[in-house]
file query07.txt (compact mmCIF, C-alpha atoms (C1' of nucleotides) and all ligand atoms)
# COMPACT_ATOMS: atom_id res chain seq x y z
CA MET A 1 -46.59 -21.67 38.96
CA LYS A 2 -44.21 -21.40 35.99
CA ARG A 3 -46.61 -18.93 34.39
CA LEU A 4 -46.72 -16.87 37.54
CA LEU A 5 -42.97 -16.73 37.91
CA GLU A 6 -42.55 -15.69 34.29
CA ARG A 7 -45.12 -13.00 34.69
CA ILE A 8 -43.40 -11.58 37.76
CA ASP A 9 -40.11 -11.74 35.90
CA ARG A 10 -41.57 -9.69 33.08
CA GLU A 11 -42.98 -7.14 35.49
CA ILE A 12 -39.60 -6.74 37.15
CA LEU A 13 -37.91 -6.24 33.81
CA ALA A 14 -40.57 -3.78 32.71
CA ALA A 15 -39.98 -1.81 35.91
CA GLY A 16 -36.28 -1.48 35.10
CA GLY A 17 -35.08 -4.39 37.24
CA LYS A 18 -32.83 -7.26 36.29
CA ARG A 19 -33.16 -11.00 36.66
CA SER A 20 -31.29 -12.77 39.39
CA ARG A 21 -30.94 -16.37 40.42
CA SER A 22 -31.21 -15.69 44.16
CA ARG A 23 -34.37 -13.73 43.80
CA ALA A 24 -35.96 -16.32 41.56
CA VAL A 25 -35.30 -18.96 44.20
CA VAL A 26 -36.82 -16.82 46.92
CA ILE A 27 -39.91 -16.03 44.88
CA GLU A 28 -40.54 -19.62 43.97
CA GLY A 29 -39.87 -20.66 47.57
CA PHE A 30 -42.37 -18.10 48.79
CA PHE A 31 -45.19 -19.36 46.60
CA ARG A 32 -44.38 -22.96 47.46
CA ALA A 33 -44.19 -22.31 51.20
CA ARG A 34 -47.20 -22.58 53.41
CA ASP A 35 -48.84 -19.22 53.89
CA HIS A 36 -48.16 -16.88 56.80
CA VAL A 37 -44.41 -17.51 56.86
CA THR A 38 -41.87 -15.38 58.65
CA ILE A 39 -38.73 -14.16 56.91
CA GLU A 40 -36.76 -16.47 59.12
CA GLU A 41 -38.83 -19.51 58.17
CA LEU A 42 -38.68 -18.71 54.49
CA THR A 43 -34.94 -18.04 54.61
CA ARG A 44 -34.36 -21.36 56.27
CA SER A 45 -36.46 -23.27 53.75
CA VAL A 46 -34.94 -21.46 50.76
CA ARG A 47 -31.44 -22.17 51.97
CA GLU A 48 -32.02 -25.89 51.80
CA SER A 49 -31.80 -25.69 48.04
CA ALA A 50 -29.63 -22.56 47.77
CA PRO A 51 -27.47 -22.25 50.89
CA GLY A 52 -25.78 -19.02 49.89
CA ILE A 53 -28.88 -16.83 49.97
CA GLY A 54 -28.76 -14.08 52.53
CA ALA A 55 -31.68 -13.15 54.74
CA VAL A 56 -31.41 -9.60 53.42
CA THR A 57 -32.30 -10.81 49.96
CA VAL A 58 -35.38 -12.51 51.36
CA TYR A 59 -36.38 -9.27 53.06
CA ARG A 60 -35.84 -7.31 49.88
CA THR A 61 -37.64 -9.82 47.69
CA LEU A 62 -40.72 -9.88 49.87
CA LYS A 63 -40.85 -6.10 49.93
CA LEU A 64 -40.64 -6.23 46.16
CA LEU A 65 -43.44 -8.79 45.89
CA GLU A 66 -45.51 -6.62 48.17
CA ARG A 67 -44.92 -3.58 45.97
CA LEU A 68 -45.91 -5.59 42.91
CA GLY A 69 -49.05 -6.73 44.67
CA TYR A 70 -48.13 -10.41 44.98
CA ALA A 71 -47.51 -10.54 48.73
CA LYS A 72 -49.23 -9.23 51.80
CA GLU A 73 -47.54 -8.33 55.04
CA LEU A 74 -49.16 -9.60 58.23
CA ASP A 75 -48.49 -8.88 61.86
CA PHE A 76 -49.90 -11.17 64.50
CA GLY A 77 -48.01 -9.38 67.24
CA GLU A 78 -45.31 -12.01 67.53
CA GLY A 79 -42.38 -9.68 67.00
CA ALA A 80 -41.63 -10.84 63.47
CA ARG A 81 -43.90 -10.13 60.53
CA ARG A 82 -45.45 -12.83 58.42
CA TYR A 83 -46.18 -12.83 54.71
CA GLU A 84 -48.82 -14.51 52.62
CA SER A 85 -49.36 -14.68 48.91
CA ASN A 86 -51.87 -12.14 47.66
CA LEU A 87 -53.23 -14.40 44.92
CA SER A 88 -56.20 -15.63 46.89
CA PRO A 89 -58.94 -13.10 47.62
CA HIS A 90 -59.10 -11.02 50.79
CA HIS A 91 -59.72 -12.79 54.05
CA ASP A 92 -59.20 -12.33 57.76
CA HIS A 93 -57.59 -14.55 60.38
CA LEU A 94 -58.20 -16.58 63.50
CA VAL A 95 -54.88 -17.02 65.31
CA CYS A 96 -54.37 -19.71 67.94
CA ARG A 97 -52.21 -18.44 70.77
CA GLN A 98 -51.34 -21.97 71.84
CA CYS A 99 -50.20 -23.79 68.71
CA GLY A 100 -49.92 -20.90 66.25
CA THR A 101 -52.45 -22.33 63.81
CA VAL A 102 -53.92 -19.68 61.54
CA ILE A 103 -57.43 -20.17 60.19
CA GLU A 104 -58.55 -17.97 57.33
CA PHE A 105 -62.11 -16.82 57.05
CA LYS A 106 -64.18 -14.56 54.92
CA ASP A 107 -67.38 -12.95 56.11
CA ARG A 108 -69.30 -10.77 53.74
CA GLY A 109 -71.54 -9.63 56.59
CA ILE A 110 -68.64 -8.26 58.60
CA GLU A 111 -67.20 -6.53 55.56
CA ASN A 112 -70.54 -4.90 54.80
CA LEU A 113 -70.91 -3.64 58.35
CA GLN A 114 -67.38 -2.23 58.16
CA ASP A 115 -68.41 -0.27 55.10
CA LEU A 116 -71.39 1.10 56.98
CA VAL A 117 -69.23 2.14 59.91
CA THR A 118 -66.71 3.99 57.77
CA ARG A 119 -69.46 5.67 55.78
CA ARG A 120 -71.10 6.81 58.99
CA HIS A 121 -67.86 8.54 59.97
CA GLY A 122 -67.07 10.01 56.56
CA PHE A 123 -63.99 7.81 56.52
CA HIS A 124 -62.48 6.49 53.28
CA PRO A 125 -61.12 3.01 54.00
CA THR A 126 -58.17 1.69 52.04
CA ALA A 127 -57.40 -1.40 54.10
CA HIS A 128 -58.36 -3.16 57.27
CA ARG A 129 -57.12 -5.88 59.53
CA LEU A 130 -59.28 -8.14 61.57
CA GLU A 131 -57.64 -10.79 63.66
CA ILE A 132 -59.32 -12.88 66.30
CA TYR A 133 -56.96 -14.40 68.85
CA GLY A 134 -57.72 -17.31 71.10
CA PHE A 135 -57.58 -21.09 71.06
CA CYS A 136 -58.30 -23.36 68.15
CA ARG A 137 -60.44 -26.43 68.44
CA LYS A 138 -57.48 -28.62 69.36
CA CYS A 139 -56.17 -26.20 71.97
CA ALA A 140 -59.51 -25.19 73.42
CA PRO A 141 -59.69 -25.20 77.23
CA GLY A 142 -60.43 -28.77 78.21
CA ASN A 143 -58.38 -30.34 75.45
CA SER A 144 -54.72 -31.15 75.90
CA PRO A 145 -53.36 -31.16 72.37
CA GLU A 146 -49.73 -31.12 73.43
CA ARG A 147 -50.25 -34.42 75.17
CA PHE A 148 -52.23 -36.27 72.52
CA GLY A 149 -51.35 -34.29 69.37
CA MET B 150 -59.29 10.53 89.11
CA LYS B 151 -58.03 10.66 92.69
CA ARG B 152 -60.18 7.64 93.49
CA LEU B 153 -58.76 5.76 90.58
CA LEU B 154 -55.15 6.51 91.49
CA GLU B 155 -55.75 5.44 95.09
CA ARG B 156 -57.37 2.24 93.94
CA ILE B 157 -54.43 1.41 91.68
CA ASP B 158 -52.08 2.24 94.53
CA ARG B 159 -53.87 -0.22 96.77
CA GLU B 160 -53.76 -2.92 94.13
CA ILE B 161 -50.03 -2.45 93.72
CA LEU B 162 -49.50 -2.69 97.46
CA ALA B 163 -51.72 -5.74 97.68
CA ALA B 164 -49.64 -7.38 94.96
CA GLY B 165 -46.46 -6.87 96.94
CA GLY B 166 -45.33 -3.67 95.23
CA LYS B 167 -44.25 -0.40 96.75
CA ARG B 168 -45.27 3.16 96.14
CA SER B 169 -43.06 5.42 94.11
CA ARG B 170 -43.24 9.05 93.15
CA SER B 171 -42.10 8.50 89.56
CA ARG B 172 -44.65 5.84 88.92
CA ALA B 173 -47.44 7.90 90.40
CA VAL B 174 -46.58 10.74 88.05
CA VAL B 175 -46.56 8.41 85.04
CA ILE B 176 -49.87 6.82 85.97
CA GLU B 177 -51.58 10.15 86.48
CA GLY B 178 -50.02 11.46 83.27
CA PHE B 179 -51.30 8.44 81.39
CA PHE B 180 -54.90 8.91 82.46
CA ARG B 181 -54.73 12.64 81.78
CA ALA B 182 -53.13 12.22 78.35
CA ARG B 183 -55.21 11.85 75.24
CA ASP B 184 -55.76 8.23 74.40
CA HIS B 185 -53.63 6.22 71.97
CA VAL B 186 -50.32 7.72 73.14
CA THR B 187 -46.93 6.30 72.38
CA ILE B 188 -44.36 5.77 75.13
CA GLU B 189 -42.34 8.56 73.62
CA GLU B 190 -45.27 11.01 73.70
CA LEU B 191 -46.16 10.10 77.24
CA THR B 192 -42.57 10.34 78.41
CA ARG B 193 -42.25 13.77 76.89
CA SER B 194 -45.47 15.01 78.49
CA VAL B 195 -44.65 13.51 81.87
CA ARG B 196 -41.21 15.07 81.88
CA GLU B 197 -42.68 18.55 81.71
CA SER B 198 -43.68 18.24 85.34
CA ALA B 199 -41.05 15.69 86.42
CA PRO B 200 -37.96 16.02 84.20
CA GLY B 201 -35.99 13.23 85.82
CA ILE B 202 -38.29 10.39 84.82
CA GLY B 203 -36.68 7.84 82.53
CA ALA B 204 -38.41 6.33 79.54
CA VAL B 205 -37.77 2.89 81.01
CA THR B 206 -40.02 3.73 83.92
CA VAL B 207 -42.76 4.73 81.52
CA TYR B 208 -42.36 1.40 79.70
CA ARG B 209 -42.47 -0.49 82.97
CA THR B 210 -45.41 1.43 84.33
CA LEU B 211 -47.52 0.86 81.24
CA LYS B 212 -46.75 -2.84 81.31
CA LEU B 213 -47.83 -2.81 84.93
CA LEU B 214 -51.08 -0.99 84.15
CA GLU B 215 -51.71 -3.49 81.39
CA ARG B 216 -51.19 -6.39 83.76
CA LEU B 217 -53.58 -4.81 86.24
CA GLY B 218 -56.13 -4.34 83.47
CA TYR B 219 -56.05 -0.54 83.36
CA ALA B 220 -54.27 -0.11 80.04
CA LYS B 221 -54.50 -1.67 76.63
CA GLU B 222 -51.67 -2.02 74.18
CA LEU B 223 -52.38 -1.02 70.59
CA ASP B 224 -50.37 -1.41 67.42
CA PHE B 225 -51.31 0.59 64.38
CA GLY B 226 -48.27 -0.60 62.48
CA GLU B 227 -46.31 2.60 63.02
CA GLY B 228 -43.29 0.94 64.59
CA ALA B 229 -44.04 2.13 68.11
CA ARG B 230 -46.91 0.81 70.17
CA ARG B 231 -49.68 2.97 71.50
CA TYR B 232 -51.58 2.66 74.76
CA GLU B 233 -55.08 3.59 75.77
CA SER B 234 -56.85 3.48 79.08
CA ASN B 235 -58.97 0.40 79.53
CA LEU B 236 -61.66 2.15 81.56
CA SER B 237 -64.01 2.74 78.66
CA PRO B 238 -65.67 -0.33 77.15
CA HIS B 239 -64.25 -2.25 74.21
CA HIS B 240 -64.16 -0.54 70.87
CA ASP B 241 -62.32 -0.72 67.56
CA HIS B 242 -60.49 1.93 65.55
CA LEU B 243 -60.49 3.88 62.32
CA VAL B 244 -56.95 5.16 61.72
CA CYS B 245 -56.23 7.99 59.28
CA ARG B 246 -53.01 7.38 57.40
CA GLN B 247 -52.66 11.05 56.53
CA CYS B 248 -53.11 12.95 59.79
CA GLY B 249 -53.01 10.11 62.31
CA THR B 250 -56.47 10.82 63.70
CA VAL B 251 -57.95 7.81 65.47
CA ILE B 252 -61.73 7.41 65.54
CA GLU B 253 -63.18 4.90 67.95
CA PHE B 254 -66.26 2.93 67.07
CA LYS B 255 -68.33 0.17 68.48
CA ASP B 256 -70.49 -2.09 66.36
CA ARG B 257 -72.53 -4.77 68.03
CA GLY B 258 -73.35 -6.27 64.66
CA ILE B 259 -69.72 -6.84 63.79
CA GLU B 260 -69.01 -8.32 67.20
CA ASN B 261 -71.94 -10.70 66.87
CA LEU B 262 -70.80 -11.87 63.46
CA GLN B 263 -67.31 -12.43 64.86
CA ASP B 264 -68.83 -14.70 67.49
CA LEU B 265 -70.61 -16.65 64.78
CA VAL B 266 -67.40 -17.03 62.78
CA THR B 267 -65.39 -18.31 65.71
CA ARG B 268 -68.16 -20.68 66.73
CA ARG B 269 -68.34 -22.02 63.20
CA HIS B 270 -64.63 -22.92 63.45
CA GLY B 271 -64.72 -24.29 66.97
CA PHE B 272 -62.44 -21.45 67.95
CA HIS B 273 -62.44 -19.96 71.46
CA PRO B 274 -61.78 -16.23 71.08
CA THR B 275 -60.03 -14.34 73.86
CA ALA B 276 -59.37 -11.06 72.05
CA HIS B 277 -59.58 -9.47 68.67
CA ARG B 278 -58.31 -6.46 66.84
CA LEU B 279 -60.14 -4.66 64.11
CA GLU B 280 -58.56 -1.61 62.59
CA ILE B 281 -59.71 0.12 59.46
CA TYR B 282 -57.07 2.25 57.79
CA GLY B 283 -57.70 5.02 55.29
CA PHE B 284 -58.44 8.72 55.22
CA CYS B 285 -60.59 10.64 57.64
CA ARG B 286 -63.17 13.14 56.50
CA LYS B 287 -60.65 16.00 56.53
CA CYS B 288 -58.02 14.05 54.63
CA ALA B 289 -60.36 12.32 52.19
CA PRO B 290 -59.29 12.44 48.55
CA GLY B 291 -60.47 15.77 47.21
CA ASN B 292 -59.89 17.64 50.43
CA SER B 293 -56.59 19.32 51.21
CA PRO B 294 -56.54 19.49 54.97
CA GLU B 295 -52.90 20.46 55.19
CA ARG B 296 -53.67 23.60 53.22
CA PHE B 297 -56.84 24.74 54.96
CA GLY B 298 -56.37 22.94 58.29
C1' DG C 299 -16.67 -7.71 24.95
C1' DA C 300 -17.35 -3.16 27.19
C1' DT C 301 -20.23 -0.46 29.98
C1' DA C 302 -23.80 0.92 32.90
C1' DT C 303 -26.53 -0.25 36.46
C1' DG C 304 -29.29 -3.43 39.24
C1' DA C 305 -28.71 -7.19 42.77
C1' DT C 306 -26.18 -9.47 46.37
C1' DG C 307 -24.48 -10.58 50.99
C1' DA C 308 -21.80 -9.24 54.97
C1' DA C 309 -21.49 -5.98 58.17
C1' DA C 310 -23.02 -1.94 60.23
C1' DA C 311 -26.80 0.94 61.58
C1' DT C 312 -31.33 1.71 63.35
C1' DG C 313 -34.87 1.85 66.62
C1' DA C 314 -38.26 0.01 69.84
C1' DA C 315 -38.42 -2.70 73.72
C1' DT C 316 -36.22 -5.30 77.44
C1' DT C 317 -32.67 -6.50 80.72
C1' DT C 318 -28.91 -5.54 83.85
C1' DC C 319 -27.06 -3.41 87.66
C1' DA C 320 -25.68 -0.25 91.08
C1' DT C 321 -28.18 2.83 93.82
C1' DC C 322 -32.20 4.76 95.96
C1' DA C 323 -36.76 4.58 98.33
C1' DT C 324 -40.24 2.39 100.77
C1' DC C 325 -42.21 -0.80 103.92
C1' DA C 326 -42.29 -3.81 107.98
C1' DG C 327 -40.48 -5.18 112.09
C1' DA C 328 -37.64 -4.31 116.15
C1' DT D 329 -37.23 5.94 114.97
C1' DC D 330 -33.77 2.90 113.33
C1' DT D 331 -32.82 -1.02 110.32
C1' DG D 332 -32.89 -4.63 107.07
C1' DA D 333 -35.19 -6.58 103.14
C1' DT D 334 -36.74 -5.81 98.92
C1' DG D 335 -39.11 -3.20 95.30
C1' DA D 336 -38.29 0.73 92.03
C1' DT D 337 -35.34 3.72 89.40
C1' DG D 338 -32.52 5.41 85.55
C1' DA D 339 -28.51 4.84 82.73
C1' DA D 340 -26.33 1.84 80.03
C1' DA D 341 -26.12 -2.37 77.81
C1' DT D 342 -28.62 -5.82 75.29
C1' DT D 343 -31.80 -7.90 72.18
C1' DC D 344 -33.91 -8.55 67.98
C1' DA D 345 -36.25 -7.53 63.62
C1' DT D 346 -35.52 -4.74 60.01
C1' DT D 347 -33.04 -1.40 57.07
C1' DT D 348 -28.99 0.73 55.18
C1' DT D 349 -24.35 0.82 53.45
C1' DC D 350 -20.93 -0.61 50.52
C1' DA D 351 -17.77 -3.19 47.88
C1' DT D 352 -18.42 -6.68 44.62
C1' DC D 353 -20.89 -9.49 41.34
C1' DA D 354 -24.32 -10.31 37.59
C1' DT D 355 -27.18 -8.97 33.94
C1' DA D 356 -28.87 -6.32 30.09
C1' DT D 357 -27.67 -3.41 26.38
C1' DC D 358 -24.91 -1.62 22.89
ZN ZN A 401 -54.20 -24.31 68.60
ZN ZN A 402 -54.17 -15.56 55.36
ZN ZN A 403 -56.92 12.56 58.55
ZN ZN A 404 -59.33 3.52 71.37
call {"tool": "encode", "arguments": {"input": "query07.txt", "output": "structure tokens"}}
result
Amino acid sequence: MKRLLERIDREILAAGGKRSRSRAVVIEGFFRARDHVTIEELTRSVRESAPGIGAVTVYRTLKLLERLGYAKELDFGEGARRYESNLSPHHDHLVCRQCGTVIEFKDRGIENLQDLVTRRHGFHPTAHRLEIYGFCRKCAPGNSPERFG
Amino acid sequence: MKRLLERIDREILAAGGKRSRSRAVVIEGFFRARDHVTIEELTRSVRESAPGIGAVTVYRTLKLLERLGYAKELDFGEGARRYESNLSPHHDHLVCRQCGTVIEFKDRGIENLQDLVTRRHGFHPTAHRLEIYGFCRKCAPGNSPERFG
DNA sequence: GATATGATGAAAATGAATTTCATCATCAGA
DNA sequence: TCTGATGATGAAATTCATTTTCATCATATC
């Protein structure tokens, strides 16, 4: 973690930026937070240790991390975007509409078929998003997680 | 087309709604429009024949069509949502980031693998979205579509 | 330390989507 | 056909996430 933060620091400096306490707190908070956080969630958690930090700085810092390749913007259609660290390799998501649980999965077969599809259409893919919405095991029809959870 | 509009009309009546000229124009305009339209595009096109129609009515009418199962809401991350008619069977999308072209595709193999993935996680899928972003044949790196278009 | 410039946070602006509300239109019943 | 109840409309107001603005502060460099 320390290594990572130092490395990002160096990249910011190299790009003509300056260090800042607020930003350092946000960055560390982001990598410590559970993945798929909203700006609002992250702001709240970061303010526990540094109450003065404005939500705008969190917005700006996540955009910066995205530009540097350390964060990935997600949109599960909830109104607010979510962010996850981009350190782990690519994956897609199962999103529970009941409890909000997000399950990550990776499927080489699906990715290969996607390549075939794009090739068939002479399309040059640069990114994709695959999200499957529904109900997780706990929330599946028949279970009553809210009651027993 | 006439059949379809009458059928929707009947469903609205059956659900306790009333007929309205504005809404009829929007609905017909929607099914005549090219697919994947934004509210703004549809409003503009609909106003050519019925200038008085407010954008709010277009919003409301598309929500209604979605509720009735005739329209599908899409989000290609452009800020504004897009809508397509839900009459044709399910498909996914290739979206060109240069010219905005949307190519529809259907891949049974991908859908089957998605089923396997969800089953493996005890997840009950109700919907999914798969979009592949990149450059279409015309806009592919090396081509200069804007110049030769 | 002085200076230039990046970073900050509050407030304002933006922009899509939704809600409110007074008015209009449509349907059902008399 | 008239009439009352209620759905639909459009303009304006509202909401809400995100972005921009701007005066001020902090950091790097000389
Ligand atoms: Zn769940
Ligand atoms: Zn993830
Ligand atoms: Zn293109
Ligand atoms: Zn489509």
call {"tool": "residues_near_ligand", "arguments": {"input": "query07.txt", "ligand": "ligand ZN 404 (chain A)", "cutoff": "12 Å", "atoms": "all atoms listed in the file", "output": "short mmCIF file (atom, residue, chain, number, x, y, z; two decimals) with C-alpha atoms, keeping the file's coordinate frame"}}
result
data_model
loop_
_atom_site.label_atom_id
_atom_site.label_comp_id
_atom_site.auth_asym_id
_atom_site.auth_seq_id
_atom_site.Cartn_x
_atom_site.Cartn_y
_atom_site.Cartn_z
CA ARG B 183 -55.21 11.85 75.24
CA ASP B 184 -55.76 8.23 74.40
CA HIS B 185 -53.63 6.22 71.97
CA VAL B 186 -50.32 7.72 73.14
CA ALA B 220 -54.27 -0.11 80.04
CA LYS B 221 -54.50 -1.67 76.63
CA GLU B 222 -51.67 -2.02 74.18
CA LEU B 223 -52.38 -1.02 70.59
CA ASP B 224 -50.37 -1.41 67.42
CA PHE B 225 -51.31 0.59 64.38
CA ARG B 231 -49.68 2.97 71.50
CA TYR B 232 -51.58 2.66 74.76
CA GLU B 233 -55.08 3.59 75.77
CA SER B 234 -56.85 3.48 79.08
CA ASN B 235 -58.97 0.40 79.53
CA LEU B 236 -61.66 2.15 81.56
CA SER B 237 -64.01 2.74 78.66
CA PRO B 238 -65.67 -0.33 77.15
CA HIS B 239 -64.25 -2.25 74.21
CA HIS B 240 -64.16 -0.54 70.87
CA ASP B 241 -62.32 -0.72 67.56
CA HIS B 242 -60.49 1.93 65.55
CA LEU B 243 -60.49 3.88 62.32
CA VAL B 244 -56.95 5.16 61.72
CA THR B 250 -56.47 10.82 63.70
CA VAL B 251 -57.95 7.81 65.47
CA ILE B 252 -61.73 7.41 65.54
CA GLU B 253 -63.18 4.90 67.95
CA PHE B 254 -66.26 2.93 67.07
CA LYS B 255 -68.33 0.17 68.48
CA ARG B 278 -58.31 -6.46 66.84
CA LEU B 279 -60.14 -4.66 64.11
CA GLU B 280 -58.56 -1.61 62.59
#
call {"tool": "residues_near_ligand", "arguments": {"input": "query07.txt", "ligand": "ligand ZN 403 (chain A)", "cutoff": "7 Å", "atoms": "all atoms listed in the file", "output": "PDB file with C-alpha atoms, in the coordinates of the input"}}
result
ATOM      1  CA  CYS B 245     -56.230   7.990  59.280  1.00  0.00           C
ATOM      2  CA  ARG B 246     -53.010   7.380  57.400  1.00  0.00           C
ATOM      3  CA  GLN B 247     -52.660  11.050  56.530  1.00  0.00           C
ATOM      4  CA  CYS B 248     -53.110  12.950  59.790  1.00  0.00           C
ATOM      5  CA  GLY B 249     -53.010  10.110  62.310  1.00  0.00           C
ATOM      6  CA  THR B 250     -56.470  10.820  63.700  1.00  0.00           C
ATOM      7  CA  PHE B 284     -58.440   8.720  55.220  1.00  0.00           C
ATOM      8  CA  CYS B 285     -60.590  10.640  57.640  1.00  0.00           C
ATOM      9  CA  ARG B 286     -63.170  13.140  56.500  1.00  0.00           C
ATOM     10  CA  LYS B 287     -60.650  16.000  56.530  1.00  0.00           C
ATOM     11  CA  CYS B 288     -58.020  14.050  54.630  1.00  0.00           C
TER      12      CYS B 288
END
call {"tool": "residues_around", "arguments": {"input": "query07.txt", "residues": "DT348 (chain D)", "least_positions_apart": "2", "cutoff": "12 Å", "atoms": "only C-alpha atoms (C1' of nucleotides)", "output": "MDAnalysis selection string"}}
result
(chainID A and resid 56 60) or (chainID C and resid 309:312) or (chainID D and resid 346 350)
call {"tool": "write_last_selection", "arguments": {"input": "query07.txt", "atoms": "C-alpha atoms (C1' of nucleotides)", "output": "PDB file, in the coordinates of the input"}}
result
ATOM      1  CA  VAL A  56     -31.410  -9.600  53.420  1.00  0.00           C
ATOM      2  CA  ARG A  60     -35.840  -7.310  49.880  1.00  0.00           C
TER       3      ARG A  60
ATOM      4  C1'  DA C 309     -21.490  -5.980  58.170  1.00  0.00           C
ATOM      5  C1'  DA C 310     -23.020  -1.940  60.230  1.00  0.00           C
ATOM      6  C1'  DA C 311     -26.800   0.940  61.580  1.00  0.00           C
ATOM      7  C1'  DT C 312     -31.330   1.710  63.350  1.00  0.00           C
TER       8       DT C 312
ATOM      9  C1'  DT D 346     -35.520  -4.740  60.010  1.00  0.00           C
ATOM     10  C1'  DC D 350     -20.930  -0.610  50.520  1.00  0.00           C
TER      11       DC D 350
END
call {"tool": "closest_atom_pairs", "arguments": {"input": "query07.txt", "of": "chain A", "to": "chain D", "cutoff": "7 Å", "atoms": "all atoms listed in the file", "output": "Markdown table"}}
result
| residue | atom | partner | partner_atom | distance |
| --- | --- | --- | --- | --- |
| A:Lys18 | CA | D:DT355 | C1' | 6.4 |
| A:Arg19 | CA | D:DT355 | C1' | 6.9 |
| A:Ala80 | CA | D:DA345 | C1' | 6.3 |
call {"tool": "interface_residues", "arguments": {"input": "query07.txt", "of": "chain B", "to": "chain C", "cutoff": "12 Å", "atoms": "only C-alpha atoms (C1' of nucleotides)", "output": "PyMOL selection string"}}
result
chain B and resi 162+165-171+187-189+204-209+212+227-231
call {"tool": "interface_residues", "arguments": {"input": "query07.txt", "of": "chain B", "to": "chain A", "cutoff": "8 Å", "atoms": "only C-alpha atoms", "output": "list of chain:residue names"}}
result
B:Leu243, B:Phe254, B:Asp256, B:Gly258, B:Ile259, B:Leu262, B:Gln263, B:Val266, B:Thr267, B:His270, B:Gly271, B:Phe272, B:His273, B:Pro274, B:Thr275, B:Ala276, B:His277, B:Arg278, B:Leu279, B:Glu280, B:Ile281, B:Tyr282, B:Gly283, B:Phe284, B:Cys285, B:Arg286, B:Ala289
call {"tool": "atom_distance", "arguments": {"input": "query07.txt", "atom1": "CA of Lys151 (chain B)", "atom2": "CA of Glu197 (chain B)"}}
result
20.5 Å
call {"tool": "closest_residue", "arguments": {"input": "query07.txt", "among": "A:Ala33, A:Ala14, A:Val26, A:Leu4", "to": "Gly54 (chain A)", "atoms": "all atoms listed in the file"}}
result
A:Val26
call {"tool": "atom_distance", "arguments": {"input": "query07.txt", "atom1": "CA of Arg47 (chain A)", "atom2": "CA of Arg67 (chain A)"}}
result
23.7 Å
call {"tool": "atom_distance", "arguments": {"input": "query07.txt", "atom1": "CA of Thr210 (chain B)", "atom2": "CA of Leu154 (chain B)"}}
result
13.1 Å
call {"tool": "axis_aligned_box", "arguments": {"input": "query07.txt", "around": "region 343-355 of chain D", "padding_each_side": "5 Å", "output": "JSON"}}
result
{"center_x": -27.0, "center_y": -4.7, "center_z": 53.1, "size_x": 28.5, "size_y": 21.1, "size_z": 48.2}
call {"tool": "build_atoms", "arguments": {"input": "query07.txt", "residues": "region 176-185 of chain B", "atoms": "N, CA, C and O atoms", "output": "mmCIF file, in the frame of the given file"}}
result
data_model
loop_
_atom_site.group_PDB
_atom_site.id
_atom_site.type_symbol
_atom_site.label_atom_id
_atom_site.label_comp_id
_atom_site.auth_asym_id
_atom_site.auth_seq_id
_atom_site.Cartn_x
_atom_site.Cartn_y
_atom_site.Cartn_z
ATOM 1 N N ILE B 176 -48.494 7.327 86.016
ATOM 2 C CA ILE B 176 -49.870 6.820 85.970
ATOM 3 C C ILE B 176 -50.857 7.966 85.804
ATOM 4 O O ILE B 176 -51.746 7.936 84.956
ATOM 5 N N GLU B 177 -50.663 9.014 86.606
ATOM 6 C CA GLU B 177 -51.580 10.150 86.480
ATOM 7 C C GLU B 177 -51.464 10.761 85.086
ATOM 8 O O GLU B 177 -52.471 11.093 84.458
ATOM 9 N N GLY B 178 -50.230 10.903 84.607
ATOM 10 C CA GLY B 178 -50.020 11.460 83.270
ATOM 11 C C GLY B 178 -50.723 10.634 82.202
ATOM 12 O O GLY B 178 -51.305 11.174 81.266
ATOM 13 N N PHE B 179 -50.678 9.316 82.386
ATOM 14 C CA PHE B 179 -51.300 8.440 81.390
ATOM 15 C C PHE B 179 -52.804 8.668 81.331
ATOM 16 O O PHE B 179 -53.381 8.798 80.256
ATOM 17 N N PHE B 180 -53.445 8.748 82.485
ATOM 18 C CA PHE B 180 -54.900 8.910 82.460
ATOM 19 C C PHE B 180 -55.321 10.311 82.044
ATOM 20 O O PHE B 180 -56.418 10.526 81.562
ATOM 21 N N ARG B 181 -54.413 11.290 82.224
ATOM 22 C CA ARG B 181 -54.730 12.640 81.780
ATOM 23 C C ARG B 181 -54.462 12.826 80.288
ATOM 24 O O ARG B 181 -55.066 13.677 79.633
ATOM 25 N N ALA B 182 -53.516 12.051 79.762
ATOM 26 C CA ALA B 182 -53.130 12.220 78.350
ATOM 27 C C ALA B 182 -54.284 11.841 77.437
ATOM 28 O O ALA B 182 -55.189 11.119 77.826
ATOM 29 N N ARG B 183 -54.226 12.316 76.218
ATOM 30 C CA ARG B 183 -55.210 11.850 75.240
ATOM 31 C C ARG B 183 -54.921 10.376 74.992
ATOM 32 O O ARG B 183 -53.806 9.903 75.194
ATOM 33 N N ASP B 184 -55.942 9.659 74.572
ATOM 34 C CA ASP B 184 -55.760 8.230 74.400
ATOM 35 C C ASP B 184 -54.880 7.935 73.193
ATOM 36 O O ASP B 184 -54.604 8.803 72.379
ATOM 37 N N HIS B 185 -54.439 6.670 73.101
ATOM 38 C CA HIS B 185 -53.630 6.220 71.970
ATOM 39 C C HIS B 185 -52.296 6.955 71.941
ATOM 40 O O HIS B 185 -51.863 7.415 70.891
#
